[in-house]
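Below you'll find the structure, written out as structure tokens, and then a few comments.
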Amino acid sequence: MKIAIGSDKSGFDVKEAVKAWLAENGCDFDDLGTVELEQVHPYYQVASEVAPLVQQGVYERAILICGTGAGMCVVANKFRGVYAVACESVYAAKMARAINNASILCMGGWIVGPEMAVEMVRTFLNTAWCQDLEDWRAANMHRFAEKLNAIEDGIYGD
């Protein structure tokens, strides 16, 4: 699985910790910014560069880190078919994948420490859509996905 990771200044330290974990675990990832604190990219720039690449399938998943995770999440969700979720716990990261089929994990560098971020990323990357759900709930998730596609069709005019 190819992964994109990005942050603004507020998420930089957490991003660096996550990158170290990704590298140690042999994950295929690209750091799409901020790469150095002397050239900081704002959250909206990073998210608006990463989300289309997820949308196009260049990356299967992404991790975006700003101050709270909310800014990155808002911007990333502007792109059709991209499902970004701001999470503050391992459980939320797992459920974002299992229930929402999220493709982008957003976290807050002011909220989540490096160790928690690494555990959230590990869980997010290792959880499949509908994993560990009861059969009836998984069936509902598939029906809901169809309804979500219809909503997107209405919004984007397809």
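Residue numbering restarts at 1 in every chain; chains get A, B, ... in the order shown in the structure tokens, and ligands count up from 1 in that same order.
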
With segment 81-85 of chain A as the partner and 12 Å as the cut-off, tabulate the residues of segment 26-70 of chain A that qualify, each row holding the nearest pair of atoms and their distance in Å to one decimal, using only C-alpha atoms, sorted by chain and rising number, as a Markdown table.
| residue | atom | partner | partner_atom | distance |
| --- | --- | --- | --- | --- |
| A:Ala47 | CA | A:Ala84 | CA | 10.1 |
| A:Ser48 | CA | A:Val82 | CA | 11.4 |
| A:Val50 | CA | A:Val82 | CA | 10.3 |
| A:Ala51 | CA | A:Val82 | CA | 6.7 |
| A:Pro52 | CA | A:Val82 | CA | 8.1 |
| A:Leu53 | CA | A:Val82 | CA | 9.6 |
| A:Val54 | CA | A:Val82 | CA | 6.8 |
| A:Gln55 | CA | A:Val82 | CA | 5.7 |
| A:Gln56 | CA | A:Gly81 | CA | 9.3 |
| A:Gly57 | CA | A:Val82 | CA | 10.1 |
| A:Tyr59 | CA | A:Val82 | CA | 11.1 |
| A:Glu60 | CA | A:Val82 | CA | 10.3 |
| A:Arg61 | CA | A:Val82 | CA | 9.5 |
| A:Ala62 | CA | A:Ala84 | CA | 8.8 |
| A:Ile63 | CA | A:Ala84 | CA | 9.1 |
| A:Leu64 | CA | A:Ala84 | CA | 9.1 |
| A:Ile65 | CA | A:Val85 | CA | 11.3 |
| A:Thr68 | CA | A:Val85 | CA | 11.6 |
| A:Gly69 | CA | A:Val85 | CA | 8.4 |
| A:Ala70 | CA | A:Val85 | CA | 8.4 |

Just the strand (DSSP E or B) stuff from chain A, please, per backbone DSSP, written as a ChimeraX atom specification. /A:2-7,28-31,61-66,84-86,104-108

Within 8 Å of segment 5-17 of chain A, counting only C-alpha atoms, which residues show up once you throw out same-chain ones fewer than 5 positions away? Write them as a PyMOL selection string, please. chain A and resi 29-34+37+40-43+46-47+50+62-67+108-110+112-115+117-118

Let's see if you can do this: from backbone DSSP, list all alpha helix (DSSP H) residues in segment 5-118 of chain A, as a PyMOL selection string. chain A and resi 12-24+43-55+70-76+90-98+114-118

Near Ile155 of chain A, counting only C-alpha atoms, which residues have an atom at most 12 Å away, once you skip same-chain residues fewer than 2 positions from it, shown as a PyMOL selection string? chain A and resi 78-81+148-153+157-158

Could you save the residues just selected, with C-alpha atoms, as a tab-separated table (two decimals), in the first residue's frame?
chain	number	residue	atom	x	y	z
A	78	LYS	CA	-13.71	18.71	-0.59
A	79	PHE	CA	-12.47	16.09	-3.08
A	80	ARG	CA	-14.98	13.57	-4.38
A	81	GLY	CA	-14.42	10.04	-3.16
A	148	LEU	CA	-23.13	8.03	-0.27
A	149	ASN	CA	-22.20	7.56	-3.93
A	150	ALA	CA	-25.67	8.80	-4.91
A	151	ILE	CA	-25.24	11.86	-2.68
A	152	GLU	CA	-21.87	12.58	-4.30
A	153	ASP	CA	-23.42	12.17	-7.75
A	157	GLY	CA	-23.44	16.53	-11.11
A	158	ASP	CA	-22.60	13.10	-12.47

Proximity to Ala102 of chain A - best of A:Lys19, A:Met116, A:Ala128, A:Arg137, only C-alpha atoms: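 Selected residue with least distance to Ala102 of chain A: A:Ala128.
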
Excluding same-chain residues fewer than 5 positions from Phe124 of chain A, what lies within 10 Å of it counting only C-alpha atoms, as a list of chain:residue names?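 Listed by chain and then number, they are A:Arg61, A:Ala62, A:Ile63, A:Val90, A:Tyr91, A:Ala92, A:Ala93, A:Lys94, A:Met95, A:Ala96, A:Arg97, A:Ala98, A:Ala102, A:Ser103, A:Ile104, A:Leu105, A:Val118, A:Glu119.
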
For Leu22 of chain A, which of A:Ile3, A:Met72, A:Asp132, A:Asn140 is the closest residue, counting only C-alpha atoms?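 For Leu22 of chain A, the nearest of the given residues is A:Ile3.
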
Shortest interatomic distance to Gln45 of chain A - which of A:Ala23, A:Glu88, A:Gly71, A:Ala4, counting only C-alpha atoms: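 Ranking A:Ala23, A:Glu88, A:Gly71, A:Ala4 by distance to Gln45 of chain A, first place goes to A:Gly71.
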
What separates atom CA of Glu38 of chain A and atom CA of Met120 of chain A is a distance of 27.7 Å
